[in-house]
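Structure file upload_28.txt (compact mmCIF, C-alpha atoms) follows.
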# COMPACT_ATOMS: atom_id res chain seq x y z
CA MET D 14 9.23 -36.17 -39.62
CA SER D 15 7.53 -32.88 -40.39
CA ALA D 16 9.67 -29.75 -40.57
CA GLU D 17 6.65 -27.73 -39.40
CA ARG D 18 7.36 -28.40 -35.74
CA PRO D 19 10.61 -28.28 -33.79
CA ILE D 20 12.59 -31.49 -33.42
CA ARG D 21 12.36 -32.77 -29.86
CA ILE D 22 15.81 -33.56 -28.44
CA GLY D 23 15.98 -35.56 -25.23
CA VAL D 24 19.25 -35.53 -23.28
CA ALA D 25 19.83 -38.25 -20.70
CA LYS D 26 22.71 -37.69 -18.32
CA CYS D 27 23.66 -40.69 -16.18
CA GLY D 28 26.68 -39.90 -14.07
CA ASN D 29 29.04 -37.19 -15.29
CA ILE D 30 31.62 -36.78 -18.03
CA GLY D 31 33.09 -33.60 -19.47
CA SER D 32 31.20 -34.14 -22.72
CA SER D 33 27.85 -34.11 -20.89
CA VAL D 34 28.20 -31.06 -18.64
CA LEU D 35 27.26 -28.55 -21.36
CA LEU D 36 25.79 -30.97 -23.89
CA ASP D 37 22.31 -29.45 -24.14
CA ILE D 38 23.66 -25.88 -24.21
CA LEU D 39 26.18 -26.66 -26.96
CA LEU D 40 23.25 -27.30 -29.30
CA ASP D 41 21.71 -23.85 -28.73
CA GLU D 42 24.42 -21.58 -27.37
CA ARG D 43 22.33 -18.39 -27.53
CA ALA D 44 18.95 -19.97 -26.72
CA GLU D 45 17.42 -18.79 -30.00
CA ARG D 46 17.14 -21.88 -32.21
CA GLU D 47 13.60 -22.31 -33.49
CA ASP D 48 14.10 -25.78 -34.98
CA ILE D 49 14.66 -27.75 -31.77
CA VAL D 50 13.21 -28.16 -28.29
CA VAL D 51 15.53 -29.70 -25.71
CA ARG D 52 14.74 -31.45 -22.44
CA VAL D 53 17.29 -32.89 -20.00
CA VAL D 54 16.82 -35.64 -17.40
CA GLY D 55 19.74 -36.62 -15.19
CA SER D 56 20.61 -38.99 -12.38
CA GLY D 57 23.21 -36.73 -10.80
CA PRO D 58 26.57 -38.38 -10.09
CA LYS D 59 25.31 -41.97 -9.83
CA LEU D 60 24.50 -44.37 -12.65
CA THR D 61 22.95 -47.55 -11.26
CA PRO D 62 20.58 -49.58 -13.45
CA GLU D 63 17.60 -48.36 -11.43
CA GLU D 64 18.59 -44.72 -11.87
CA ALA D 65 19.33 -45.14 -15.56
CA ARG D 66 15.95 -46.77 -16.18
CA GLU D 67 14.19 -43.99 -14.27
CA VAL D 68 16.01 -41.31 -16.27
CA VAL D 69 15.10 -42.93 -19.59
CA SER D 70 11.49 -43.54 -18.56
CA LYS D 71 11.08 -39.88 -17.60
CA LEU D 72 12.73 -38.73 -20.82
CA LEU D 73 10.46 -40.90 -22.96
CA GLU D 74 7.45 -39.04 -21.53
CA PHE D 75 8.74 -36.05 -23.53
CA LYS D 76 8.32 -38.12 -26.73
CA PRO D 77 11.74 -37.21 -28.15
CA ASP D 78 12.60 -37.54 -31.82
CA LEU D 79 16.28 -38.02 -30.91
CA VAL D 80 17.95 -39.01 -27.64
CA LEU D 81 21.49 -38.18 -26.58
CA PHE D 82 22.51 -40.57 -23.79
CA ALA D 83 25.69 -39.44 -22.03
CA SER D 84 27.50 -41.42 -19.35
CA PRO D 85 30.89 -42.62 -18.19
CA ASN D 86 31.78 -46.11 -19.46
CA ALA D 87 28.71 -47.02 -21.48
CA ALA D 88 29.47 -50.71 -20.87
CA LEU D 89 28.53 -50.48 -17.18
CA PRO D 90 25.24 -52.05 -16.00
CA GLY D 91 23.49 -48.69 -15.56
CA PRO D 92 24.05 -47.29 -19.07
CA THR D 93 23.38 -50.75 -20.50
CA ALA D 94 19.97 -50.82 -18.78
CA GLY D 95 19.22 -47.37 -20.17
CA ARG D 96 20.11 -48.48 -23.70
CA GLU D 97 17.81 -51.47 -23.42
CA LEU D 98 14.85 -49.23 -22.61
CA LEU D 99 15.68 -46.85 -25.45
CA ALA D 100 16.02 -49.75 -27.89
CA GLU D 101 12.61 -51.06 -26.86
CA ALA D 102 11.14 -47.59 -27.43
CA GLY D 103 12.71 -47.42 -30.90
CA VAL D 104 13.88 -43.82 -30.52
CA PRO D 105 16.97 -42.82 -32.55
CA THR D 106 19.76 -42.61 -30.00
CA ILE D 107 23.35 -41.40 -29.86
CA ILE D 108 25.48 -42.71 -26.98
CA ILE D 109 28.13 -40.24 -25.79
CA THR D 110 30.80 -41.73 -23.56
CA ASP D 111 34.48 -41.84 -22.59
CA GLY D 112 37.32 -44.20 -23.55
CA PRO D 113 36.18 -47.22 -21.49
CA GLY D 114 32.84 -46.96 -23.30
CA ARG D 115 34.46 -48.60 -26.34
CA LYS D 116 33.61 -51.92 -24.70
CA ALA D 117 29.92 -51.21 -25.40
CA VAL D 118 30.34 -50.54 -29.14
CA LYS D 119 29.14 -53.96 -30.30
CA ASP D 120 26.00 -53.71 -28.19
CA ILE D 121 25.37 -50.12 -29.32
CA GLU D 122 25.71 -51.07 -32.99
CA ALA D 123 23.56 -54.16 -32.54
CA LYS D 124 20.79 -51.92 -31.21
CA GLY D 125 21.06 -49.62 -34.25
CA MET D 126 22.30 -46.70 -32.19
CA GLY D 127 25.04 -44.20 -32.88
CA TYR D 128 27.94 -43.33 -30.64
CA ILE D 129 30.52 -40.64 -29.99
CA ILE D 130 33.47 -41.81 -27.89
CA VAL D 131 35.90 -39.26 -26.46
CA PRO D 132 39.11 -40.84 -25.09
CA ALA D 133 40.33 -37.49 -23.70
CA ASP D 134 37.23 -37.29 -21.49
CA SER D 135 39.14 -38.93 -18.65
CA MET D 136 37.87 -40.21 -15.34
CA ILE D 137 38.32 -37.96 -12.30
CA GLY D 138 40.57 -38.87 -9.35
CA ALA D 139 37.73 -40.07 -7.15
CA ARG D 140 39.50 -40.91 -3.90
CA ARG D 141 38.10 -39.54 -0.63
CA GLU D 142 41.56 -38.57 0.62
CA PHE D 143 41.92 -36.24 -2.38
CA LEU D 144 38.62 -35.33 -4.03
CA ASP D 145 36.31 -32.77 -2.45
CA PRO D 146 33.65 -30.59 -4.16
CA THR D 147 36.17 -27.83 -4.93
CA GLU D 148 38.72 -30.21 -6.48
CA MET D 149 35.92 -31.85 -8.48
CA ALA D 150 34.82 -28.51 -9.89
CA ILE D 151 38.37 -27.43 -10.77
CA TYR D 152 39.04 -30.71 -12.57
CA ASN D 153 35.87 -30.40 -14.63
CA ALA D 154 36.72 -26.79 -15.50
CA ASP D 155 40.13 -27.89 -16.80
CA LEU D 156 38.63 -30.83 -18.70
CA ILE D 157 35.97 -28.64 -20.29
CA LYS D 158 38.65 -26.21 -21.47
CA VAL D 159 40.60 -29.06 -23.08
CA LEU D 160 37.53 -30.46 -24.84
CA ALA D 161 36.48 -27.01 -26.04
CA CYS D 162 39.85 -25.71 -27.23
CA THR D 163 41.01 -28.90 -28.93
CA GLY D 164 37.85 -29.15 -31.06
CA VAL D 165 36.01 -32.01 -29.35
CA TYR D 166 32.87 -30.00 -28.67
CA HIS D 167 32.66 -28.65 -32.19
CA ALA D 168 33.02 -32.13 -33.68
CA LEU D 169 30.31 -33.38 -31.31
CA VAL D 170 27.93 -30.57 -32.29
CA GLU D 171 28.50 -31.16 -36.01
CA ALA D 172 27.70 -34.86 -35.63
CA VAL D 173 24.49 -34.25 -33.66
CA ASP D 174 23.38 -31.44 -35.96
CA ARG D 175 23.66 -33.75 -38.98
CA ALA D 176 21.19 -36.14 -37.35
CA ILE D 177 18.87 -33.21 -36.54
CA GLU D 178 18.98 -32.00 -40.15
CA ASP D 179 18.00 -35.46 -41.35
CA LEU D 180 15.00 -35.48 -39.01
CA LYS D 181 13.99 -31.99 -40.19
CA ALA D 182 14.09 -33.24 -43.78
CA GLY D 183 11.94 -36.26 -42.95
CA ARG D 184 14.80 -38.71 -43.42
CA GLU D 185 16.00 -41.52 -41.20
CA PRO D 186 18.77 -39.84 -39.18
CA GLU D 187 22.37 -40.72 -39.93
CA LEU D 188 23.64 -41.61 -36.47
CA PRO D 189 27.38 -41.09 -35.94
CA ARG D 190 29.74 -43.93 -35.15
CA LEU D 191 32.66 -41.83 -34.16
CA VAL D 192 35.74 -42.11 -31.97
CA LEU D 193 36.85 -38.52 -31.41
CA GLY D 194 40.57 -39.01 -31.10
CA ARG D 195 43.33 -36.41 -31.27
CA ASP D 196 43.33 -35.98 -35.04
CA GLU D 197 39.54 -35.86 -35.39
CA ALA D 198 39.30 -33.24 -32.64
CA VAL D 199 41.95 -30.85 -33.89
CA GLU D 200 40.64 -31.17 -37.44
CA ALA D 201 37.25 -29.95 -36.21
CA ALA D 202 38.91 -26.97 -34.48
CA ARG D 203 40.26 -25.75 -37.86
CA PHE D 204 43.63 -24.53 -36.56
CA THR D 205 45.57 -22.46 -39.08
CA ASN D 206 48.83 -22.07 -37.13
CA PRO D 207 50.87 -25.30 -36.99
CA TYR D 208 52.18 -24.49 -33.51
CA ALA D 209 48.64 -23.97 -32.25
CA ARG D 210 47.67 -27.31 -33.76
CA ALA D 211 50.68 -29.02 -32.15
CA LYS D 212 49.82 -27.59 -28.74
CA ALA D 213 46.21 -28.73 -29.10
CA MET D 214 47.37 -32.22 -30.08
CA ALA D 215 49.63 -32.33 -27.03
CA ALA D 216 46.81 -31.12 -24.78
CA TYR D 217 44.49 -33.82 -26.08
CA GLU D 218 47.05 -36.57 -25.55
CA MET D 219 47.80 -35.35 -22.02
CA ALA D 220 44.10 -35.35 -21.16
CA ALA D 221 43.71 -38.89 -22.52
CA LYS D 222 46.68 -40.05 -20.43
CA VAL D 223 44.97 -38.81 -17.27
CA ALA D 224 42.65 -41.83 -17.41
CA ASP D 225 45.58 -44.23 -17.03
CA LEU D 226 46.57 -42.52 -13.80
CA THR D 227 43.09 -42.18 -12.32
CA VAL D 228 42.17 -45.79 -13.10
CA GLU D 229 45.42 -46.89 -11.46
CA GLY D 230 44.84 -44.67 -8.44
CA CYS D 231 41.17 -45.52 -8.00
CA PHE D 232 41.14 -49.26 -8.72
CA LYS D 233 44.62 -50.78 -8.64
CA ILE D 234 46.69 -49.23 -5.87
CA LYS D 235 45.72 -50.22 -2.32
CA GLU D 236 48.01 -48.04 -0.17
CA TRP D 237 46.22 -44.77 0.48
CA GLU D 238 49.37 -42.63 0.57
CA HIS D 239 50.37 -43.96 -2.85
CA TYR D 240 46.99 -43.68 -4.59
CA THR D 241 46.46 -40.18 -3.20
CA GLN D 242 49.67 -39.02 -4.87
CA VAL D 243 48.78 -40.77 -8.14
CA VAL D 244 45.34 -39.16 -8.46
CA ALA D 245 46.82 -35.80 -7.50
CA ALA D 246 49.37 -36.24 -10.29
CA ALA D 247 46.51 -37.00 -12.70
CA HIS D 248 44.80 -33.73 -11.82
CA GLU D 249 48.04 -31.82 -12.26
CA LEU D 250 48.38 -33.37 -15.71
CA MET D 251 44.86 -32.24 -16.65
CA ARG D 252 45.68 -28.76 -15.38
CA GLU D 253 48.70 -28.59 -17.68
CA ALA D 254 46.62 -29.94 -20.56
CA ALA D 255 44.16 -27.09 -20.03
CA ARG D 256 47.01 -24.58 -20.03
CA LEU D 257 48.36 -25.93 -23.34
CA ALA D 258 44.90 -25.98 -24.88
CA ASP D 259 44.41 -22.36 -23.86
CA GLU D 260 47.78 -21.45 -25.39
CA ALA D 261 46.70 -23.05 -28.67
CA ARG D 262 43.62 -20.85 -28.83
CA GLU D 263 45.62 -17.76 -27.86
CA ILE D 264 47.98 -18.33 -30.79
CA GLU D 265 44.97 -18.40 -33.12
CA LYS D 266 43.67 -15.20 -31.52
CA GLN D 267 46.97 -13.45 -32.22
CA GLY D 268 46.62 -14.30 -35.90
CA ASP D 269 42.91 -13.38 -35.90
CA THR D 270 42.11 -16.88 -37.15
CA VAL D 271 39.93 -18.39 -34.40
CA PHE D 272 37.34 -20.64 -36.03
CA ARG D 273 33.80 -19.90 -34.82
CA ALA D 274 30.63 -21.75 -35.83
CA PRO D 275 27.49 -20.20 -34.29
CA HIS D 276 23.99 -21.53 -34.95
CA ASN D 277 21.43 -19.31 -36.64
CA ARG D 278 17.76 -19.34 -35.66
CA LYS D 279 17.03 -22.18 -38.08
CA GLY D 280 19.78 -24.32 -36.56
CA ARG D 281 22.25 -23.93 -39.41
CA LEU D 282 25.92 -23.79 -38.39
CA LEU D 283 27.48 -20.61 -39.73
CA LYS D 284 31.23 -20.07 -40.01
CA LYS D 285 33.78 -17.29 -39.56
CA THR D 286 37.47 -16.91 -38.74
CA ARG D 287 38.04 -13.14 -38.41
CA LEU D 288 36.77 -11.42 -35.28
CA LEU D 289 35.35 -8.46 -37.21
CA GLU D 290 33.38 -10.31 -39.85
CA LYS D 291 29.85 -11.65 -40.00
CA PRO D 292 29.23 -15.40 -39.77
CA ARG D 293 28.36 -16.85 -43.18
CA LYS D 294 26.59 -19.84 -44.60
CA GLU D 295 28.62 -22.43 -46.45
CA GLY D 296 27.40 -24.99 -48.96
Would you mind writing the file out in structure tokens?
Amino acid sequence: MSAERPIRIGVAKCGNIGSSVLLDILLDERAEREDIVVRVVGSGPKLTPEEAREVVSKLLEFKPDLVLFASPNAALPGPTAGRELLAEAGVPTIIITDGPGRKAVKDIEAKGMGYIIVPADSMIGARREFLDPTEMAIYNADLIKVLACTGVYHALVEAVDRAIEDLKAGREPELPRLVLGRDEAVEAARFTNPYARAKAMAAYEMAAKVADLTVEGCFKIKEWEHYTQVVAAAHELMREAARLADEAREIEKQGDTVFRAPHNRKGRLLKKTRLLEKPRKEG
């Protein structure tokens, strides 16, 4: 891979998870990186095999050097069909998925792909008696706050950027095989205050627990009055997780120790912890 041209990053979004909503923007938060070009193809909320194949086919027209394929439960038929096309194309691929996606790990590894699994990226309470567009948006806002404040997004960016750096150097990319659990997430957030870290850990665990409730409410309980209450409880739990995650970041603000890692124009992650200091290179 020549470093003379930008690395072409293709992002496939099949269905929706919290890790995919801002995935392309996380890689270039100020739209000034000169080392990458990003294109996104999505199927909207659905993820049937036909839609997944169409998304991948369209994305391959871009001739990407690296593909990020994000979906709920990567073991479902739709994401599986998308993986098959990507494997045939031989494009380095990182699968980004939620807790149920663990069931696809053997297939992902067999295809030589990487993966990032985020157990806290919990399924929404998708029952018609409860979920409308407003409730859907509020849930995703709370989930995004949890993933951002607990360190999930930063860990995800670091893993993808390592693969990009390999491509820029002309090397075979090191594709992550990573389960971003509680400890991995908060480590990436670089908390300095132990109470902030504890709150972030609690927020992560609460968000991960939401999936138990939404799976129960969406697939196991038959009485509509009962499942409506269960999925509502799940959303209340995510709301409280977002509040705790926000409190963790506020504690770090009070100590002027918020960890920030902006990209420079060449795609290098810089680092700083004080508000009134310049980001610096490390290593």
Exercise: segment 63-75 of chain D partners within 7 Å, all atoms listed in the file, chain neighbours under 5 positions left out, as a PDB file with C-alpha atoms, in the frame of the given file:
ATOM      1  CA  GLY D  23      15.980 -35.560 -25.230  1.00  0.00           C
ATOM      2  CA  ALA D  25      19.830 -38.250 -20.700  1.00  0.00           C
ATOM      3  CA  CYS D  27      23.660 -40.690 -16.180  1.00  0.00           C
ATOM      4  CA  VAL D  54      16.820 -35.640 -17.400  1.00  0.00           C
ATOM      5  CA  GLY D  55      19.740 -36.620 -15.190  1.00  0.00           C
ATOM      6  CA  SER D  56      20.610 -38.990 -12.380  1.00  0.00           C
ATOM      7  CA  GLY D  91      23.490 -48.690 -15.560  1.00  0.00           C
ATOM      8  CA  PRO D  92      24.050 -47.290 -19.070  1.00  0.00           C
ATOM      9  CA  ALA D  94      19.970 -50.820 -18.780  1.00  0.00           C
ATOM     10  CA  GLY D  95      19.220 -47.370 -20.170  1.00  0.00           C
ATOM     11  CA  LEU D  98      14.850 -49.230 -22.610  1.00  0.00           C
TER      12      LEU D  98
END
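For the set D:Ala102, D:Val51, D:Val228, D:Ala133, the residue with the smallest atom-to-atom gap to Arg21 of chain D is D:Val51, counting only C-alpha atoms.
Closest approach to Lys26 of chain D from the set D:Leu79, D:Ala215, D:Leu40, D:Ile108 is made by D:Ile108, with distances taken over all atoms listed in the file.
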Check: List as a PyMOL selection string: which residues have an atom within 9 Å of (39.7, -42.0, -9.8), counting all atoms listed in the file?
Finding: chain D and resi 136-140+144+224+226-232+244+247
Check: Which of these, D:Leu36, D:Val192, D:Ala123, D:Val165, has the shortest distance to Ala258 of chain D once you count only C-alpha atoms?
Finding: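 Comparing D:Leu36, D:Val192, D:Ala123, D:Val165 against Ala258 of chain D, the winner is D:Val165.
Distances to Ser135 of chain D were evaluated for D:Leu169, D:Val118, D:Leu39, D:Ile30 using only C-alpha atoms, and the minimum falls at D:Ile30.
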Counting only C-alpha atoms, which residues in segment 210-236 of chain D sit no more than 8 Å from segment 153-160 of chain D? For each one, give the nearest pair of atoms and the distance in Å, sorted by chain then residue number, as JSON lines.
{"residue": "D:Ala216", "atom": "CA", "partner": "D:Val159", "partner_atom": "CA", "distance": 6.8}
{"residue": "D:Tyr217", "atom": "CA", "partner": "D:Val159", "partner_atom": "CA", "distance": 6.8}
{"residue": "D:Ala220", "atom": "CA", "partner": "D:Val159", "partner_atom": "CA", "distance": 7.4}
Notebook entry, point to check: What separation in Å, quoted to one decimal, exists between atom CA of Val199 of chain D and atom CA of Thr163 of chain D?
Noted result: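 Between these atoms lies a distance of 5.4 Å.
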Notebook entry, point to check: Could you state the separation of atom CA of Pro189 of chain D and atom CA of Val173 of chain D in Å, given to one decimal place?
Noted result: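 Answer for the atom CA of Pro189 of chain D to atom CA of Val173 of chain D separation: 7.8 Å.
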Next item on the list: Select, from D:Lys285, D:Glu142, D:Lys181, D:Asp196, the residue with the minimum atom-to-atom distance to Glu236 of chain D, counting all atoms listed in the file.
Entry: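 Answer, going by the shortest atom-to-atom distance: D:Glu142.
Nearest residue to Ala172 of chain D, choosing from D:Gly125, D:Leu81, D:Asp145, D:Asn86 and counting all atoms listed in the file: D:Leu81.
For the pair atom CA of Ile264 of chain D and atom CA of Arg287 of chain D, the separation is 13.6 Å.
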Set up a box along x, y and z of the file covering all listed atoms of segment 213-224 of chain D, add 6 Å on every one of the six sides, and write the centre and edge lengths in Å to one decimal, as lines of an AutoDock Vina configuration file.
center_x = 46.1
center_y = -35.3
center_z = -23.7
size_x = 19.0
size_y = 25.1
size_z = 24.8
Notebook entry, point to check: Lys266 of chain D: which residues within 10 Å, counting only C-alpha atoms, same-chain residues fewer than 4 positions away excluded, as a VMD selection string?
Noted result: chain D and resid 260 to 262 270 to 272 286 to 288
Next item on the list: Find the spatial neighbours of Ala44 of chain D, counting all atoms listed in the file, within a cut-off of 10 Å - ignore same-chain residues fewer than 5 positions away - and output them as a PyMOL selection string.
Entry: chain D and resi 38-39+276+278
Margin query: Need the shell around Leu191 of chain D: protein/DNA/RNA residues with any atom at most 10 Å away, counting all atoms listed in the file. Skip same-chain ones fewer than 5 positions apart. Format as a PyMOL selection string?
Written below: chain D and resi 109+127-131+168-169+172+197
